[in-house]
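**Q** I'd like to ask you about the structure that follows.
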Amino acid sequence: MCGIVGYIGDSLAAPILIDGLKKLEYRGYDSAGIAVFGEKNHINIIKTQGRLSALEQLVSSENPQGTIGIGHTRWATHGEPNIPNAHPHFNESKTIAVVHNGIIENHNKLRDRLTARGYRFISHTDTEVVAHLLDYYYKKEKNPQKAISMALTRIEGSYAFGILFADERDTVFAARKDSPLAVGLGENENFIASDAPAILKHTRDVMYIGNHEIAVIQKDSVKVYNLDLEETEKETVRIEWDVEAAEKNGFEHFMLKEIYEQPAAIRDTVSPRIIGGNIPLDELGLSENAIKSLRKIHIVACGSAYHAGVVGKYVIEKLARIPVEVDLASEFRYRKPILEDNSVCIAISQSGETADTLAALREAKRQGLFTVAIVNVIGSTIAREADSVIYTHAGPEISVATTKAYSAQIATAYLVALRLALVRSTVTKERFAEYVKALESIPDKIAELLSDKESIQHYAIECAGEKDIFFIGRGIDYAAALEGSLKLKEISYIHSEAYAAGELKHGTISLVEDGTLVVSLATQPDLYEKTVSNTAEVTCRGADVFALTFQDNPALLQNAAFSVILPEIDPLFSASLSVVPLQLFAYYVSLAKGLDVDKPRNLAKSVTVE
Ligand code: G6P
C-alpha cells in the first residue's frame, strides 16, 4: 500500500505535498514524511511516526522553503512503523531521496550484496535498499536515468517510486511496476501521485506511467522513457469527476457518506446499461455465441469483492445456469486451478490494484482464459490487463471499509447474470423484463431503508459491548451474511463470523450461549422455513436475534430482539438491500465504541502486496 506524491513548480512544495498526502491517507497511515530541496542542492527530509497530522505540525514548525519535493504516507510491510522506517529514505551521503509504494521481493539478497560493498543500513525497510542501489549505479554511471534503469533491472517485486537526486535540483524522477502512479500536468508545475484525488485540486490532466517506465519530471516538461532510455509517447487523460466527490460533504465520516451514496452508485452503474429494456453489455466482450457455449465462470477477488463474487455465483447459476466457481484470489493463484476451454475468469476489484486479484487474473490469462474485470478505478492495472472491463460507477471511495463500491459490484453481477440468462434463453422475456424492473428499483428501496436509520443506531449502541456476533443465512442470504460480518469486525473490532445457517449446528453452535447475538437473514422464500428452524436452534439456547427479512415472515420476527423489515423486492435482489442495515449497524457500533471508523487499525484500502 502506501501513498506517494511529488511536486515541482514555483510554489512552496511542503503544503502541496501534505495536502496531497491527506487525500492518500486511506492507503496507509503508520508514518509519513516529505523530502524537499533546501539551499544549495541540500535535500531536507522531515518524517514522523503516526498520523499525518503529526507530520503536518512538524512541517509547519520547520517551514521548508523548497519548491520541489516528494512525500509518502506508509502502511508498514517491512519494518515496524517507526521513524527510521518512515519514508523518504536517503542513501548514506544524503544525496538521493526515495519514496516507495510496493514491495521489493529480493530486498534481502540486494541488502547482502550492498552490505558486502560497504553500504550501511539504518532502517528495516525494503525501500532503503533502493536508495543505496541508486547510489551505487549513480556513482558508476553519473547519470540519474541510467542509474534508475540499472536499479530497476535488479529489483524484483512491485513498486512506484518518487526520487530526488541532489545533483538534479530541477527534476523529480518517478518509475513504476505493478503499483499505481500518475503524473499530473499543470502550468509551469507538475505532480506525481499514487491516486488522482491527491492532485485534482491542481490539475485534471494526468498521464499514467506504464510498467518499467521512468518519468523525468521538470516544472515545464514531462518525459517518459523505457528501460533502454528510449522516449515513449504518452497520452494525456482528462479526469472529469469532481474533487468534492472525494470529500466528506458534511457527513461525519466517509463511510456514512458512502453508505448514502449507494443509490447513486447503483443507478450510475445500472441505468446506462439498460437500453430499451435490454442489457446489451458490450463491455463484457463476449459474443452471443461465446455466451451460449460458456461452460464455466471463475470469479476471483479479495475481501468484500470476494463476497460480491459469492452473490454473483448464486445469481448467475440461478439465472443463467452456468457453473460458477468463486475463489479467494490469494488461493486461486497457487492452487494450480484446472481451467477448461470455453470458460471465463471475472476479477472483481474496487481499486483494480489488489495484488492477489491481479495475480489471479494473470494466472487465468496465462492459461488462456478470456478475462473480464469488474473494477471501479478507471485505468487501474486490473482494468488495463483484463481482456474486457465493466466499470462500476461508484466514484472514489475513501473509507477503508467498502460500502458503495461493494453495492455497485453486486449490481454489476446482476447485470452480467441477466445478460447471460437472456442470451442463453434460461429466462423468459417476461421474467427478464420483471427482473430488469426490480434491478432498477434498488436505488429507491435503499433510499427508503436509509430514511429509517435511527432505529438501527439505537440498537447498535446497545450492542457495542458484545464480544462475539454470528451472522447466519442460506443461499443469497449467506453471501450477504459474509459481508455483514466482515463490515462489523473490520471497523468495530468485535469478533464475528458468518455461517451458512444450516452449517452452524456442525460445531460453531457450541459458542452460542445466553445473550449471544445472532443476526439472522431470511429473505429467500424457498429457504425461509429452514432458516427459521436454524434461528430457533439458537434462540432456544439463549441467543438474542437480530432478524432481517421481508414483512410477511412473522415466524422469524416473533422471537427477534430486534428486526429490520426490508422493502419488498424480488428475493433474487435481496442482497442489495439486506447489506445496507448491516453496514449501518457496523458503522454505529464502531461509532458507539469511539473508534476510527474510516481508518480501522491494521487495514488499508488498497492492498498491493501479496
Ligand atoms: C482491502 C480492503 C477491503 C477490500 C479488499 C479488496 O482488504 O480493506 O475492503 O474489499 O482490499 O479490494 P479491491 O480494491 O480489490 O476491491
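Naming scheme: A, B, ... for chains in displayed order of the C-alpha cells; residues 1 onward per chain; ligands 1 onward as shown.
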Please, which residues of stretch 261-472 of chain A, numbered as in this document, come out alpha helix (DSSP H) from DSSP, as a PyMOL selection string?
**A** chain A and resi 262-270+288-292+303-320+329-332+355-366+381-385+404-423+429-450+453-463
**Q** Got a sec: who's within 10 Å of A:Thr203, counting only C-alpha atoms, leaving out chain neighbours fewer than 6 positions off, as a PyMOL selection string?
**A** chain A and resi 184-187+189-191+196-197+238-239
**Q** Restricting it to N, CA, C and O atoms, dump the selection as an mmCIF file, in the first residue's frame.
**A**
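And here's result-v6.cif as it stands now:
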```
data_model
loop_
_atom_site.group_PDB
_atom_site.id
_atom_site.type_symbol
_atom_site.label_atom_id
_atom_site.label_comp_id
_atom_site.auth_asym_id
_atom_site.auth_seq_id
_atom_site.Cartn_x
_atom_site.Cartn_y
_atom_site.Cartn_z
ATOM 1 N N GLY A 184 0.593 14.337 -12.794
ATOM 2 C CA GLY A 184 -0.372 15.406 -13.019
ATOM 3 C C GLY A 184 0.313 16.539 -13.768
ATOM 4 O O GLY A 184 1.421 16.945 -13.402
ATOM 5 N N LEU A 185 -0.355 17.046 -14.802
ATOM 6 C CA LEU A 185 0.274 18.049 -15.654
ATOM 7 C C LEU A 185 -0.334 19.420 -15.413
ATOM 8 O O LEU A 185 -1.512 19.648 -15.699
ATOM 9 N N GLY A 186 0.436 20.334 -14.864
ATOM 10 C CA GLY A 186 -0.067 21.681 -14.608
ATOM 11 C C GLY A 186 0.636 22.685 -15.504
ATOM 12 O O GLY A 186 1.363 22.325 -16.421
ATOM 13 N N GLU A 187 0.404 23.973 -15.200
ATOM 14 C CA GLU A 187 1.070 25.010 -15.964
ATOM 15 C C GLU A 187 2.279 25.490 -15.187
ATOM 16 O O GLU A 187 2.124 26.018 -14.063
ATOM 17 N N GLU A 189 4.095 23.750 -13.555
ATOM 18 C CA GLU A 189 4.213 22.896 -12.365
ATOM 19 C C GLU A 189 3.689 21.519 -12.743
ATOM 20 O O GLU A 189 2.787 21.388 -13.572
ATOM 21 N N ASN A 190 4.291 20.495 -12.175
ATOM 22 C CA ASN A 190 3.844 19.129 -12.417
ATOM 23 C C ASN A 190 3.858 18.355 -11.104
ATOM 24 O O ASN A 190 4.465 18.788 -10.122
ATOM 25 N N PHE A 191 3.165 17.200 -11.129
ATOM 26 C CA PHE A 191 2.932 16.449 -9.894
ATOM 27 C C PHE A 191 3.098 14.947 -10.157
ATOM 28 O O PHE A 191 2.967 14.508 -11.292
ATOM 29 N N ALA A 196 -5.263 9.911 -8.280
ATOM 30 C CA ALA A 196 -5.556 11.254 -8.778
ATOM 31 C C ALA A 196 -6.140 12.238 -7.754
ATOM 32 O O ALA A 196 -5.808 13.428 -7.808
ATOM 33 N N PRO A 197 -7.025 11.820 -6.785
ATOM 34 C CA PRO A 197 -7.564 12.837 -5.874
ATOM 35 C C PRO A 197 -6.486 13.663 -5.176
ATOM 36 O O PRO A 197 -6.735 14.808 -4.790
ATOM 37 N N ARG A 238 -7.984 13.227 -19.358
ATOM 38 C CA ARG A 238 -8.643 14.294 -18.585
ATOM 39 C C ARG A 238 -9.585 13.662 -17.569
ATOM 40 O O ARG A 238 -10.445 12.849 -17.920
ATOM 41 N N ILE A 239 -9.424 14.011 -16.303
ATOM 42 C CA ILE A 239 -10.305 13.461 -15.264
ATOM 43 C C ILE A 239 -11.533 14.340 -15.150
ATOM 44 O O ILE A 239 -11.433 15.548 -14.921
#
```
**Q** Show me which residues are within 6 Å of ligand 1 counting only C-alpha atoms and all ligand atoms, and format the list as a PyMOL selection string.
**A** chain A and resi 302-305+349-352+354+400-402+603-607
**Q** Residues as selected, N, CA, C and O atoms, written as a PDB file, in the first residue's frame, can you do that?
**A**
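Wrote it out as out.pdb, contents follow:
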```
ATOM      1  N   CYS A 302     -10.861 -10.474  -3.616  1.00  0.00           N
ATOM      2  CA  CYS A 302     -10.454 -10.484  -2.204  1.00  0.00           C
ATOM      3  C   CYS A 302     -11.451  -9.664  -1.376  1.00  0.00           C
ATOM      4  O   CYS A 302     -12.068  -8.733  -1.887  1.00  0.00           O
ATOM      5  N   GLY A 303     -11.523  -9.968  -0.101  1.00  0.00           N
ATOM      6  CA  GLY A 303     -12.308  -9.153   0.843  1.00  0.00           C
ATOM      7  C   GLY A 303     -13.766  -9.042   0.426  1.00  0.00           C
ATOM      8  O   GLY A 303     -14.407 -10.022   0.035  1.00  0.00           O
ATOM      9  N   SER A 304     -14.279  -7.820   0.481  1.00  0.00           N
ATOM     10  CA  SER A 304     -15.685  -7.600   0.143  1.00  0.00           C
ATOM     11  C   SER A 304     -15.962  -7.929  -1.321  1.00  0.00           C
ATOM     12  O   SER A 304     -17.060  -8.385  -1.662  1.00  0.00           O
ATOM     13  N   ALA A 305     -14.980  -7.695  -2.172  1.00  0.00           N
ATOM     14  CA  ALA A 305     -15.176  -8.010  -3.594  1.00  0.00           C
ATOM     15  C   ALA A 305     -15.393  -9.519  -3.757  1.00  0.00           C
ATOM     16  O   ALA A 305     -16.155  -9.962  -4.625  1.00  0.00           O
ATOM     17  N   SER A 349     -12.768  -6.068  -8.371  1.00  0.00           N
ATOM     18  CA  SER A 349     -11.899  -5.263  -7.509  1.00  0.00           C
ATOM     19  C   SER A 349     -12.319  -3.798  -7.548  1.00  0.00           C
ATOM     20  O   SER A 349     -12.504  -3.234  -8.627  1.00  0.00           O
ATOM     21  N   GLN A 350     -12.486  -3.212  -6.391  1.00  0.00           N
ATOM     22  CA  GLN A 350     -12.786  -1.779  -6.341  1.00  0.00           C
ATOM     23  C   GLN A 350     -11.606  -1.002  -6.896  1.00  0.00           C
ATOM     24  O   GLN A 350     -11.743  -0.237  -7.838  1.00  0.00           O
ATOM     25  N   SER A 351     -10.432  -1.234  -6.310  1.00  0.00           N
ATOM     26  CA  SER A 351      -9.254  -0.417  -6.638  1.00  0.00           C
ATOM     27  C   SER A 351      -8.659  -0.779  -7.987  1.00  0.00           C
ATOM     28  O   SER A 351      -8.037   0.053  -8.645  1.00  0.00           O
ATOM     29  N   GLY A 352      -8.829  -2.039  -8.373  1.00  0.00           N
ATOM     30  CA  GLY A 352      -8.159  -2.500  -9.594  1.00  0.00           C
ATOM     31  C   GLY A 352      -6.663  -2.675  -9.405  1.00  0.00           C
ATOM     32  O   GLY A 352      -5.918  -2.847 -10.361  1.00  0.00           O
ATOM     33  N   THR A 354      -5.433  -4.565  -6.385  1.00  0.00           N
ATOM     34  CA  THR A 354      -5.174  -5.584  -5.364  1.00  0.00           C
ATOM     35  C   THR A 354      -4.239  -6.656  -5.935  1.00  0.00           C
ATOM     36  O   THR A 354      -4.546  -7.299  -6.944  1.00  0.00           O
ATOM     37  N   VAL A 400     -11.963   2.993   4.401  1.00  0.00           N
ATOM     38  CA  VAL A 400     -11.318   1.690   4.175  1.00  0.00           C
ATOM     39  C   VAL A 400     -12.371   0.592   4.030  1.00  0.00           C
ATOM     40  O   VAL A 400     -12.272  -0.283   3.167  1.00  0.00           O
ATOM     41  N   ALA A 401     -13.403   0.642   4.873  1.00  0.00           N
ATOM     42  CA  ALA A 401     -14.472  -0.362   4.766  1.00  0.00           C
ATOM     43  C   ALA A 401     -15.348  -0.008   3.574  1.00  0.00           C
ATOM     44  O   ALA A 401     -16.002   1.028   3.554  1.00  0.00           O
ATOM     45  N   THR A 402     -15.364  -0.863   2.583  1.00  0.00           N
ATOM     46  CA  THR A 402     -16.105  -0.549   1.359  1.00  0.00           C
ATOM     47  C   THR A 402     -17.613  -0.687   1.578  1.00  0.00           C
ATOM     48  O   THR A 402     -18.068  -1.561   2.307  1.00  0.00           O
ATOM     49  N   LEU A 603      -5.564  -2.033   8.818  1.00  0.00           N
ATOM     50  CA  LEU A 603      -6.125  -2.232   7.476  1.00  0.00           C
ATOM     51  C   LEU A 603      -5.703  -1.118   6.542  1.00  0.00           C
ATOM     52  O   LEU A 603      -5.335  -0.039   6.961  1.00  0.00           O
ATOM     53  N   ALA A 604      -5.769  -1.409   5.266  1.00  0.00           N
ATOM     54  CA  ALA A 604      -5.565  -0.375   4.260  1.00  0.00           C
ATOM     55  C   ALA A 604      -6.570  -0.602   3.154  1.00  0.00           C
ATOM     56  O   ALA A 604      -7.079  -1.703   2.968  1.00  0.00           O
ATOM     57  N   LYS A 605      -6.853   0.448   2.438  1.00  0.00           N
ATOM     58  CA  LYS A 605      -7.898   0.360   1.418  1.00  0.00           C
ATOM     59  C   LYS A 605      -7.450  -0.438   0.218  1.00  0.00           C
ATOM     60  O   LYS A 605      -8.197  -1.206  -0.357  1.00  0.00           O
ATOM     61  N   SER A 606      -6.225  -0.171  -0.177  1.00  0.00           N
ATOM     62  CA  SER A 606      -5.764  -0.795  -1.411  1.00  0.00           C
ATOM     63  C   SER A 606      -4.571  -1.666  -1.050  1.00  0.00           C
ATOM     64  O   SER A 606      -3.556  -1.168  -0.571  1.00  0.00           O
ATOM     65  N   VAL A 607      -4.711  -2.966  -1.227  1.00  0.00           N
ATOM     66  CA  VAL A 607      -3.684  -3.885  -0.738  1.00  0.00           C
ATOM     67  C   VAL A 607      -2.847  -4.381  -1.912  1.00  0.00           C
ATOM     68  O   VAL A 607      -3.197  -5.345  -2.588  1.00  0.00           O
TER      69      VAL A 607
END
```
**Q** Considering only strand (DSSP E) as DSSP defines it on the backbone, what residues of stretch 363-461 of chain A qualify? List them as a ChimeraX atom specification.
**A** /A:370-375,388-391
**Q** Given the selection you just returned, output its residues as a file containing N, CA, C and O atoms, formatted as an mmCIF file, in the first residue's frame.
**A**
```
data_model
loop_
_atom_site.group_PDB
_atom_site.id
_atom_site.type_symbol
_atom_site.label_atom_id
_atom_site.label_comp_id
_atom_site.auth_asym_id
_atom_site.auth_seq_id
_atom_site.Cartn_x
_atom_site.Cartn_y
_atom_site.Cartn_z
ATOM 1 N N PHE A 370 -10.379 -16.159 -21.274
ATOM 2 C CA PHE A 370 -10.799 -14.794 -21.534
ATOM 3 C C PHE A 370 -11.059 -14.157 -20.167
ATOM 4 O O PHE A 370 -11.693 -14.760 -19.307
ATOM 5 N N THR A 371 -10.539 -12.948 -19.957
ATOM 6 C CA THR A 371 -10.661 -12.340 -18.627
ATOM 7 C C THR A 371 -11.491 -11.058 -18.669
ATOM 8 O O THR A 371 -11.345 -10.238 -19.578
ATOM 9 N N VAL A 372 -12.339 -10.952 -17.677
ATOM 10 C CA VAL A 372 -13.213 -9.773 -17.560
ATOM 11 C C VAL A 372 -12.925 -9.131 -16.200
ATOM 12 O O VAL A 372 -12.807 -9.841 -15.199
ATOM 13 N N ALA A 373 -12.815 -7.807 -16.184
ATOM 14 C CA ALA A 373 -12.611 -7.119 -14.894
ATOM 15 C C ALA A 373 -13.876 -6.345 -14.546
ATOM 16 O O ALA A 373 -14.451 -5.676 -15.404
ATOM 17 N N ILE A 374 -14.287 -6.456 -13.284
ATOM 18 C CA ILE A 374 -15.332 -5.567 -12.759
ATOM 19 C C ILE A 374 -14.600 -4.671 -11.764
ATOM 20 O O ILE A 374 -14.202 -5.122 -10.685
ATOM 21 N N VAL A 375 -14.371 -3.431 -12.179
ATOM 22 C CA VAL A 375 -13.434 -2.565 -11.461
ATOM 23 C C VAL A 375 -14.024 -1.165 -11.320
ATOM 24 O O VAL A 375 -14.766 -0.709 -12.180
ATOM 25 N N SER A 388 -11.493 -7.555 -21.087
ATOM 26 C CA SER A 388 -12.583 -6.576 -21.149
ATOM 27 C C SER A 388 -12.861 -6.042 -19.735
ATOM 28 O O SER A 388 -12.507 -6.691 -18.751
ATOM 29 N N VAL A 389 -13.468 -4.870 -19.684
ATOM 30 C CA VAL A 389 -13.732 -4.230 -18.373
ATOM 31 C C VAL A 389 -15.167 -3.736 -18.299
ATOM 32 O O VAL A 389 -15.646 -3.076 -19.217
ATOM 33 N N ILE A 390 -15.813 -4.054 -17.201
ATOM 34 C CA ILE A 390 -17.093 -3.410 -16.896
ATOM 35 C C ILE A 390 -16.817 -2.529 -15.682
ATOM 36 O O ILE A 390 -16.522 -3.037 -14.588
ATOM 37 N N TYR A 391 -16.876 -1.239 -15.880
ATOM 38 C CA TYR A 391 -16.602 -0.335 -14.761
ATOM 39 C C TYR A 391 -17.835 -0.179 -13.881
ATOM 40 O O TYR A 391 -18.941 0.034 -14.392
#
```
**Q** Which stretch 276-335 of chain A residues have any atom within 7 Å of an atom of stretch 417-438 of chain A, and for each, what is the nearest pair of atoms with distance in Å to one decimal, counting only C-alpha atoms, rows sorted by chain and number, as a Markdown table?
**A**
```
| residue | atom | partner | partner_atom | distance |
| --- | --- | --- | --- | --- |
| A:Gly277 | CA | A:Ala433 | CA | 6.8 |
| A:Ile279 | CA | A:Arg419 | CA | 5.8 |
| A:Pro280 | CA | A:Arg419 | CA | 6.9 |
| A:Leu281 | CA | A:Arg419 | CA | 7.0 |
| A:Glu288 | CA | A:Val423 | CA | 6.3 |
| A:Ile291 | CA | A:Leu420 | CA | 6.5 |
| A:Lys292 | CA | A:Arg424 | CA | 5.5 |
| A:Val315 | CA | A:Ala417 | CA | 6.3 |
| A:Ile316 | CA | A:Ala417 | CA | 4.6 |
| A:Leu319 | CA | A:Ala421 | CA | 5.6 |
| A:Ala320 | CA | A:Ala421 | CA | 4.1 |
```
**Q** Looking at A:Arg51, A:Ile209, A:Lys248, A:Ala308, which one is nearest to A:Thr236, with distances taken over only C-alpha atoms?
**A**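 Distance minimum relative to A:Thr236 lands on A:Ile209.
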**Q** Stretch 140-148 of chain A: which residues within 9 Å, counting only C-alpha atoms, same-chain residues fewer than 5 positions away excluded, as a list in words?
**A**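 My list of contacting residues is Leu133, Leu134, Asp135, Thr153, Phe165, Glu168, Phe173, Ala175, Ile214, Ala215, Val216, Tyr225, Leu227, Asp228 and Leu229 of chain A.
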**Q** May I have the residues from that selection written out with N, CA, C and O atoms, as a CSV table (one decimal), in the first residue's frame?
**A**
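The resulting file, again09.csv, is reproduced below:
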```csv
chain,number,residue,atom,x,y,z
A,133,LEU,N,21.1,1.2,-3.8
A,133,LEU,CA,21.3,0.7,-5.1
A,133,LEU,C,21.4,1.8,-6.2
A,133,LEU,O,22.3,1.8,-7.0
A,134,LEU,N,20.6,2.8,-6.0
A,134,LEU,CA,20.7,4.0,-6.9
A,134,LEU,C,22.0,4.7,-6.7
A,134,LEU,O,22.6,5.1,-7.7
A,135,ASP,N,22.4,4.8,-5.5
A,135,ASP,CA,23.7,5.4,-5.2
A,135,ASP,C,24.8,4.7,-5.9
A,135,ASP,O,25.7,5.3,-6.5
A,153,THR,N,16.4,-3.0,-13.2
A,153,THR,CA,16.7,-4.3,-13.8
A,153,THR,C,17.1,-5.3,-12.7
A,153,THR,O,17.1,-6.5,-12.8
A,165,PHE,N,17.4,13.5,-6.8
A,165,PHE,CA,18.9,13.5,-6.8
A,165,PHE,C,19.4,14.9,-6.5
A,165,PHE,O,19.0,15.9,-7.2
A,168,GLU,N,20.4,17.1,-9.3
A,168,GLU,CA,19.4,17.5,-10.3
A,168,GLU,C,18.3,18.2,-9.6
A,168,GLU,O,17.2,17.7,-9.4
A,173,PHE,N,12.1,12.5,-10.3
A,173,PHE,CA,12.1,11.3,-11.1
A,173,PHE,C,11.1,10.3,-10.5
A,173,PHE,O,10.8,10.3,-9.3
A,175,ALA,N,9.2,6.2,-11.3
A,175,ALA,CA,9.2,4.9,-12.0
A,175,ALA,C,8.2,4.0,-11.4
A,175,ALA,O,7.8,4.1,-10.2
A,214,ILE,N,10.2,5.1,-16.8
A,214,ILE,CA,10.8,6.1,-15.9
A,214,ILE,C,10.4,7.5,-16.4
A,214,ILE,O,10.5,7.8,-17.6
A,215,ALA,N,9.8,8.2,-15.4
A,215,ALA,CA,9.4,9.6,-15.8
A,215,ALA,C,10.4,10.6,-15.3
A,215,ALA,O,10.9,10.5,-14.2
A,216,VAL,N,10.7,11.6,-16.2
A,216,VAL,CA,11.7,12.6,-15.8
A,216,VAL,C,10.8,13.9,-15.8
A,216,VAL,O,10.4,14.4,-16.9
A,225,TYR,N,10.5,7.4,-20.3
A,225,TYR,CA,11.4,6.5,-21.0
A,225,TYR,C,11.2,5.1,-20.6
A,225,TYR,O,10.8,4.8,-19.5
A,227,LEU,N,13.1,1.1,-20.3
A,227,LEU,CA,14.4,0.7,-19.6
A,227,LEU,C,15.6,1.0,-20.4
A,227,LEU,O,16.7,1.1,-19.9
A,228,ASP,N,15.4,1.0,-21.8
A,228,ASP,CA,16.6,1.3,-22.7
A,228,ASP,C,16.8,2.8,-22.8
A,228,ASP,O,17.5,3.2,-23.7
A,229,LEU,N,16.0,3.5,-22.1
A,229,LEU,CA,16.1,5.0,-22.1
A,229,LEU,C,15.7,5.6,-23.4
A,229,LEU,O,16.1,6.6,-23.9
```
